[in-house]
Protein chains: 2
Amino acid sequence: MQVAETISSVRKAVKAAHRRSKTIGFVPTMGALHVGHLSLIEAAKKDCDYVIVSIFVNPTQFGPGEDFQKYPRPLEKDLDMCRKAGVDLVFAPAPAEMYKSGNITWVTVEKLTDPLCGRSRPGHFRGVTTVCAKLFNIVGPDLAYFGQKDAQQAIVIRRMVEDLNMPLQIVICPTAREPDGLAVSSRNKYLNADQRKDAAALYRSLEKCRRMVEAGTTDTAALAAEMRKTLGEFPAIEIEYLSIVDAETLEDTDRIAGRALVALAARLGPARLIDNIIVEA
Amino acid sequence: MQVAETISSVRKAVKAAHRRSKTIGFVPTMGALHVGHLSLIEAAKKDCDYVIVSIFVNPTQFGPGEDFQKYPRPLEKDLDMCRKAGVDLVFAPAPAEMYKSGNITWVTVEKLTDPLCGRSRPGHFRGVTTVCAKLFNIVGPDLAYFGQKDAQQAIVIRRMVEDLNMPLQIVICPTAREPDGLAVSSRNKYLNADQRKDAAALYRSLEKCRRMVEAGTTDTAALAAEMRKTLGEFPAIEIEYLSIVDAETLEDTDRIAGRALVALAARLGPARLIDNIIVEA
């Protein structure tokens, strides 16, 4: 497995892979890899001949007061995991390599970035789309893999790729979950034992919503109220948002008709956690 | 020469050219081709094995009240010129092909787009950078050619390419001029005979500035005052801006030190004309 720290060495490796007509699969990450990332790598390995993982804690997608500094960076462990997963190349640049020329160009997606996480993290998606545009331009993948856990991010990036005619395809993979249902996340590390236990309620509330929809409830206010009741039993869980929106447009809806995204963000002690499911009525 | 109206047919042709290891040169235009465009095509022919010209009057770079509707669209004549110039492929999409999915993703370059034309044409550069990003993603060129006449555009696009790590190189070619010095432009067609005659004063004022700098004047206020005096003799010329700025940052400067861009925009009857030169002190 090659580890590249510079853009030019990635380009060189990709050029060589292209020359051998290899399909390039790309998994952009912020490191602190877990089974969720591994499932993306696995999917990429299945579809592609040459798999690239980027490890880059992107400063421009963190707001002031967010966890940029303390975000875990276990690089050696990450590289080991990539090696074992059969990754061909890891791109692990320093911030100065990625933002050599300063940073005055932005890629922004309107509308889809307004609700949900966009409301509480202004500038976050602009940072995500910009760094993904850069990484796509550096790596030149045929396919890039994202997790359904970051549902809004996946929808926003897919839209960016479509609108800007980027020559790649976005693949969205299912959320990896712990045995109690908690979505696997690098930020779960921030939880103490009690918080970790309570955190499972997030997914339980989503599952409750799914069951209600399956039983015929489509009134989003009623569904949200039931979810809030479930979560209300855990005083440590501070809901940031709990939204049931159209799964394509992310627009609010009074009644589920077609595919809806049930998404929530909550603070639990030092951690901000997000999770979501897709329901259909 | 192939004429492509769809994105998929361009991609197919480019893929075939790549397979034959051809270097792709790209000249994005809004059509109404003239000797300025031909000089870009010529440069591309010299550097590259396969030359693509796009002809697309991009709606998103025109403001309300600007000349989007009346902008000349002599497609057959343009295709003839491309054929004679040895272009390999012309991409002439309809707006619906370029903006299939609506238009909620934007590429913006900050700072460099604030002064000069950015001040009088809000949203213009956002339209230019976004459509260029799309065209670059569709065409996948190794080199793309722009004219020095649109100096700010060239600087903004070069910066976008650098900041977003787009895998191509921007080549900036000298401004083509009429015998009396007027910069060749598709918008010169809007001028009547008297206006056309007066329009030559724009370049004369730039040349006067160049001579003064060569003679040792570096005070930008003094240079601008002299230029305004030259242009003041033509009441039909309405100056929109006349700026002497750092040639890299486009920031105002009291005194020329290094390379400076002397740029102006003026209305002459129905036409808005721009021109510029680089001076060095």
# chains A, B, ... in the order shown; residues from 1 in each chain; ligands from 1
>>> interface_residues(of="chain B", to="chain A", cutoff="8 Å", atoms="only C-alpha atoms", output="PyMOL selection string")
chain B and resi 99-111+130+133-135+137-138+159-160+162-167
>>> select_by_dssp(residues="region 14-205 of chain B", states="strand (DSSP E)", output="ChimeraX atom specification")
/B:24-29,50-55,89-91,105-109,143-147,169-173
>>> residues_around(residues="region 171-182 of chain A", least_positions_apart="6", cutoff="8 Å", atoms="only C-alpha atoms", output="list in words")
Val35, Gly36, Ser39, Leu40, Ala43, Leu143, Ala144, Tyr145, Phe146, Gly147, Gln148, Lys149, Ala154, Ala199, Ala200, Ala201, Leu202, Tyr203 and Arg204 of chain A
>>> closest_residue(among="B:Thr29, B:Ser120, B:Val213, B:Arg187", to="Pro72 (chain B)", atoms="only C-alpha atoms")
B:Arg187
>>> residues_around(residues="His124 (chain B)", least_positions_apart="2", cutoff="7 Å", atoms="only C-alpha atoms", output="tab-separated table (two decimals) with C-alpha atoms, in the first residue's frame")
chain	number	residue	atom	x	y	z
B	61	GLN	CA	-23.17	35.09	-16.24
B	62	PHE	CA	-25.55	37.79	-17.52
B	63	GLY	CA	-27.25	40.10	-15.05
B	118	GLY	CA	-17.19	42.48	-10.29
B	121	ARG	CA	-21.72	43.10	-12.76
B	122	PRO	CA	-22.71	41.37	-9.50
B	126	ARG	CA	-19.97	33.41	-10.24
B	127	GLY	CA	-21.70	32.52	-13.51
B	128	VAL	CA	-18.37	32.40	-15.35
>>> atom_distance(atom1="CA of Thr218 (chain A)", atom2="CA of Asp254 (chain A)")
8.3 Å
>>> select_by_dssp(residues="region 28-255 of chain A", states="alpha helix (DSSP H)", output="VMD selection string")
chain A and resid 35 to 47 75 to 85 95 to 98 117 to 120 124 to 139 151 to 163 193 to 214 220 to 232
>>> atom_distance(atom1="CA of Thr60 (chain A)", atom2="CA of His37 (chain A)")
21.3 Å
>>> closest_residue(among="B:Ala263, B:Ala247, B:Leu268, B:Leu75", to="Asn188 (chain B)", atoms="only C-alpha atoms")
B:Leu268
>>> decode(residues="region 47-96 of chain B", atoms="N, CA and C atoms", output="PDB file, in the first residue's frame")
ATOM      1  N   ASP B  47      -0.180  23.750 -29.245  1.00  0.00           N
ATOM      2  CA  ASP B  47       0.212  23.005 -28.033  1.00  0.00           C
ATOM      3  C   ASP B  47      -0.365  21.589 -27.981  1.00  0.00           C
ATOM      4  N   CYS B  48      -1.523  21.375 -28.604  1.00  0.00           N
ATOM      5  CA  CYS B  48      -2.309  20.170 -28.323  1.00  0.00           C
ATOM      6  C   CYS B  48      -2.603  19.365 -29.580  1.00  0.00           C
ATOM      7  N   ASP B  49      -2.969  18.084 -29.355  1.00  0.00           N
ATOM      8  CA  ASP B  49      -3.261  17.195 -30.474  1.00  0.00           C
ATOM      9  C   ASP B  49      -4.726  17.249 -30.873  1.00  0.00           C
ATOM     10  N   TYR B  50      -5.560  17.635 -29.944  1.00  0.00           N
ATOM     11  CA  TYR B  50      -7.011  17.570 -30.177  1.00  0.00           C
ATOM     12  C   TYR B  50      -7.618  18.824 -29.576  1.00  0.00           C
ATOM     13  N   VAL B  51      -8.274  19.642 -30.428  1.00  0.00           N
ATOM     14  CA  VAL B  51      -8.758  20.949 -29.964  1.00  0.00           C
ATOM     15  C   VAL B  51     -10.289  20.994 -29.953  1.00  0.00           C
ATOM     16  N   ILE B  52     -10.805  21.364 -28.801  1.00  0.00           N
ATOM     17  CA  ILE B  52     -12.257  21.465 -28.609  1.00  0.00           C
ATOM     18  C   ILE B  52     -12.611  22.933 -28.378  1.00  0.00           C
ATOM     19  N   VAL B  53     -13.625  23.409 -29.082  1.00  0.00           N
ATOM     20  CA  VAL B  53     -14.167  24.754 -28.849  1.00  0.00           C
ATOM     21  C   VAL B  53     -15.589  24.577 -28.345  1.00  0.00           C
ATOM     22  N   SER B  54     -15.935  25.263 -27.261  1.00  0.00           N
ATOM     23  CA  SER B  54     -17.343  25.266 -26.868  1.00  0.00           C
ATOM     24  C   SER B  54     -17.959  26.596 -27.264  1.00  0.00           C
ATOM     25  N   ILE B  55     -19.198  26.533 -27.710  1.00  0.00           N
ATOM     26  CA  ILE B  55     -19.968  27.725 -28.073  1.00  0.00           C
ATOM     27  C   ILE B  55     -21.222  27.692 -27.226  1.00  0.00           C
ATOM     28  N   PHE B  56     -21.262  28.578 -26.239  1.00  0.00           N
ATOM     29  CA  PHE B  56     -22.404  28.541 -25.312  1.00  0.00           C
ATOM     30  C   PHE B  56     -22.572  29.923 -24.698  1.00  0.00           C
ATOM     31  N   VAL B  57     -23.667  30.565 -25.036  1.00  0.00           N
ATOM     32  CA  VAL B  57     -23.981  31.859 -24.411  1.00  0.00           C
ATOM     33  C   VAL B  57     -24.605  31.535 -23.057  1.00  0.00           C
ATOM     34  N   ASN B  58     -23.784  31.655 -22.035  1.00  0.00           N
ATOM     35  CA  ASN B  58     -24.140  31.146 -20.709  1.00  0.00           C
ATOM     36  C   ASN B  58     -25.062  32.102 -19.962  1.00  0.00           C
ATOM     37  N   PRO B  59     -26.318  31.717 -19.770  1.00  0.00           N
ATOM     38  CA  PRO B  59     -27.268  32.655 -19.146  1.00  0.00           C
ATOM     39  C   PRO B  59     -26.858  33.106 -17.746  1.00  0.00           C
ATOM     40  N   THR B  60     -26.171  32.228 -16.992  1.00  0.00           N
ATOM     41  CA  THR B  60     -25.937  32.561 -15.578  1.00  0.00           C
ATOM     42  C   THR B  60     -24.851  33.610 -15.369  1.00  0.00           C
ATOM     43  N   GLN B  61     -24.176  34.044 -16.434  1.00  0.00           N
ATOM     44  CA  GLN B  61     -23.172  35.088 -16.237  1.00  0.00           C
ATOM     45  C   GLN B  61     -23.665  36.459 -16.712  1.00  0.00           C
ATOM     46  N   PHE B  62     -24.938  36.510 -17.146  1.00  0.00           N
ATOM     47  CA  PHE B  62     -25.550  37.793 -17.520  1.00  0.00           C
ATOM     48  C   PHE B  62     -26.440  38.260 -16.372  1.00  0.00           C
ATOM     49  N   GLY B  63     -26.362  39.540 -16.063  1.00  0.00           N
ATOM     50  CA  GLY B  63     -27.251  40.101 -15.052  1.00  0.00           C
ATOM     51  C   GLY B  63     -28.561  40.529 -15.680  1.00  0.00           C
ATOM     52  N   PRO B  64     -29.555  40.874 -14.826  1.00  0.00           N
ATOM     53  CA  PRO B  64     -30.809  41.401 -15.367  1.00  0.00           C
ATOM     54  C   PRO B  64     -30.516  42.702 -16.121  1.00  0.00           C
ATOM     55  N   GLY B  65     -31.125  42.879 -17.276  1.00  0.00           N
ATOM     56  CA  GLY B  65     -30.904  44.100 -18.055  1.00  0.00           C
ATOM     57  C   GLY B  65     -29.648  44.045 -18.919  1.00  0.00           C
ATOM     58  N   GLU B  66     -28.857  42.975 -18.803  1.00  0.00           N
ATOM     59  CA  GLU B  66     -27.688  42.859 -19.674  1.00  0.00           C
ATOM     60  C   GLU B  66     -28.108  42.245 -21.017  1.00  0.00           C
ATOM     61  N   ASP B  67     -27.124  42.004 -21.896  1.00  0.00           N
ATOM     62  CA  ASP B  67     -27.441  41.697 -23.289  1.00  0.00           C
ATOM     63  C   ASP B  67     -27.525  40.215 -23.615  1.00  0.00           C
ATOM     64  N   PHE B  68     -28.043  39.414 -22.659  1.00  0.00           N
ATOM     65  CA  PHE B  68     -28.144  37.970 -22.925  1.00  0.00           C
ATOM     66  C   PHE B  68     -28.989  37.680 -24.167  1.00  0.00           C
ATOM     67  N   GLN B  69     -30.148  38.324 -24.255  1.00  0.00           N
ATOM     68  CA  GLN B  69     -31.056  38.034 -25.380  1.00  0.00           C
ATOM     69  C   GLN B  69     -30.443  38.452 -26.707  1.00  0.00           C
ATOM     70  N   LYS B  70     -29.851  39.651 -26.730  1.00  0.00           N
ATOM     71  CA  LYS B  70     -29.401  40.173 -28.023  1.00  0.00           C
ATOM     72  C   LYS B  70     -27.963  39.777 -28.359  1.00  0.00           C
ATOM     73  N   TYR B  71     -27.301  39.056 -27.458  1.00  0.00           N
ATOM     74  CA  TYR B  71     -25.931  38.639 -27.739  1.00  0.00           C
ATOM     75  C   TYR B  71     -25.919  37.859 -29.057  1.00  0.00           C
ATOM     76  N   PRO B  72     -25.013  38.187 -30.001  1.00  0.00           N
ATOM     77  CA  PRO B  72     -25.061  37.543 -31.327  1.00  0.00           C
ATOM     78  C   PRO B  72     -24.817  36.043 -31.256  1.00  0.00           C
ATOM     79  N   ARG B  73     -25.556  35.284 -32.074  1.00  0.00           N
ATOM     80  CA  ARG B  73     -25.430  33.822 -32.096  1.00  0.00           C
ATOM     81  C   ARG B  73     -25.354  33.302 -33.537  1.00  0.00           C
ATOM     82  N   PRO B  74     -24.291  33.684 -34.273  1.00  0.00           N
ATOM     83  CA  PRO B  74     -24.180  33.255 -35.683  1.00  0.00           C
ATOM     84  C   PRO B  74     -23.569  31.862 -35.786  1.00  0.00           C
ATOM     85  N   LEU B  75     -24.332  30.850 -35.369  1.00  0.00           N
ATOM     86  CA  LEU B  75     -23.758  29.503 -35.194  1.00  0.00           C
ATOM     87  C   LEU B  75     -23.121  28.942 -36.470  1.00  0.00           C
ATOM     88  N   GLU B  76     -23.805  29.077 -37.599  1.00  0.00           N
ATOM     89  CA  GLU B  76     -23.257  28.461 -38.819  1.00  0.00           C
ATOM     90  C   GLU B  76     -21.909  29.091 -39.199  1.00  0.00           C
ATOM     91  N   LYS B  77     -21.864  30.427 -39.081  1.00  0.00           N
ATOM     92  CA  LYS B  77     -20.617  31.139 -39.379  1.00  0.00           C
ATOM     93  C   LYS B  77     -19.507  30.698 -38.399  1.00  0.00           C
ATOM     94  N   ASP B  78     -19.877  30.569 -37.140  1.00  0.00           N
ATOM     95  CA  ASP B  78     -18.906  30.123 -36.129  1.00  0.00           C
ATOM     96  C   ASP B  78     -18.360  28.733 -36.479  1.00  0.00           C
ATOM     97  N   LEU B  79     -19.262  27.834 -36.863  1.00  0.00           N
ATOM     98  CA  LEU B  79     -18.828  26.468 -37.190  1.00  0.00           C
ATOM     99  C   LEU B  79     -17.887  26.477 -38.391  1.00  0.00           C
ATOM    100  N   ASP B  80     -18.224  27.314 -39.375  1.00  0.00           N
ATOM    101  CA  ASP B  80     -17.335  27.455 -40.540  1.00  0.00           C
ATOM    102  C   ASP B  80     -15.937  27.897 -40.117  1.00  0.00           C
ATOM    103  N   MET B  81     -15.895  28.918 -39.252  1.00  0.00           N
ATOM    104  CA  MET B  81     -14.595  29.420 -38.803  1.00  0.00           C
ATOM    105  C   MET B  81     -13.813  28.333 -38.067  1.00  0.00           C
ATOM    106  N   CYS B  82     -14.511  27.572 -37.251  1.00  0.00           N
ATOM    107  CA  CYS B  82     -13.846  26.487 -36.502  1.00  0.00           C
ATOM    108  C   CYS B  82     -13.307  25.427 -37.458  1.00  0.00           C
ATOM    109  N   ARG B  83     -14.139  25.103 -38.458  1.00  0.00           N
ATOM    110  CA  ARG B  83     -13.728  24.104 -39.442  1.00  0.00           C
ATOM    111  C   ARG B  83     -12.426  24.547 -40.125  1.00  0.00           C
ATOM    112  N   LYS B  84     -12.437  25.818 -40.578  1.00  0.00           N
ATOM    113  CA  LYS B  84     -11.267  26.342 -41.286  1.00  0.00           C
ATOM    114  C   LYS B  84     -10.049  26.432 -40.376  1.00  0.00           C
ATOM    115  N   ALA B  85     -10.300  26.631 -39.089  1.00  0.00           N
ATOM    116  CA  ALA B  85      -9.184  26.768 -38.145  1.00  0.00           C
ATOM    117  C   ALA B  85      -8.642  25.417 -37.702  1.00  0.00           C
ATOM    118  N   GLY B  86      -9.280  24.332 -38.159  1.00  0.00           N
ATOM    119  CA  GLY B  86      -8.760  23.005 -37.833  1.00  0.00           C
ATOM    120  C   GLY B  86      -9.176  22.480 -36.468  1.00  0.00           C
ATOM    121  N   VAL B  87     -10.308  22.992 -35.961  1.00  0.00           N
ATOM    122  CA  VAL B  87     -10.839  22.499 -34.685  1.00  0.00           C
ATOM    123  C   VAL B  87     -11.313  21.060 -34.865  1.00  0.00           C
ATOM    124  N   ASP B  88     -11.119  20.234 -33.855  1.00  0.00           N
ATOM    125  CA  ASP B  88     -11.533  18.836 -33.950  1.00  0.00           C
ATOM    126  C   ASP B  88     -12.980  18.623 -33.541  1.00  0.00           C
ATOM    127  N   LEU B  89     -13.398  19.353 -32.501  1.00  0.00           N
ATOM    128  CA  LEU B  89     -14.761  19.156 -32.005  1.00  0.00           C
ATOM    129  C   LEU B  89     -15.317  20.482 -31.501  1.00  0.00           C
ATOM    130  N   VAL B  90     -16.548  20.811 -31.896  1.00  0.00           N
ATOM    131  CA  VAL B  90     -17.264  21.960 -31.329  1.00  0.00           C
ATOM    132  C   VAL B  90     -18.378  21.427 -30.446  1.00  0.00           C
ATOM    133  N   PHE B  91     -18.389  21.919 -29.225  1.00  0.00           N
ATOM    134  CA  PHE B  91     -19.466  21.567 -28.296  1.00  0.00           C
ATOM    135  C   PHE B  91     -20.406  22.765 -28.227  1.00  0.00           C
ATOM    136  N   ALA B  92     -21.616  22.583 -28.756  1.00  0.00           N
ATOM    137  CA  ALA B  92     -22.583  23.687 -28.802  1.00  0.00           C
ATOM    138  C   ALA B  92     -23.893  23.237 -28.158  1.00  0.00           C
ATOM    139  N   PRO B  93     -23.913  23.232 -26.825  1.00  0.00           N
ATOM    140  CA  PRO B  93     -25.096  22.705 -26.134  1.00  0.00           C
ATOM    141  C   PRO B  93     -26.200  23.753 -26.026  1.00  0.00           C
ATOM    142  N   ALA B  94     -27.422  23.308 -25.884  1.00  0.00           N
ATOM    143  CA  ALA B  94     -28.532  24.194 -25.516  1.00  0.00           C
ATOM    144  C   ALA B  94     -28.446  24.448 -24.013  1.00  0.00           C
ATOM    145  N   PRO B  95     -29.003  25.569 -23.536  1.00  0.00           N
ATOM    146  CA  PRO B  95     -28.984  25.831 -22.090  1.00  0.00           C
ATOM    147  C   PRO B  95     -29.556  24.671 -21.273  1.00  0.00           C
ATOM    148  N   ALA B  96     -30.585  24.012 -21.804  1.00  0.00           N
ATOM    149  CA  ALA B  96     -31.205  22.915 -21.051  1.00  0.00           C
ATOM    150  C   ALA B  96     -30.251  21.732 -20.881  1.00  0.00           C
TER     151      ALA B  96
END
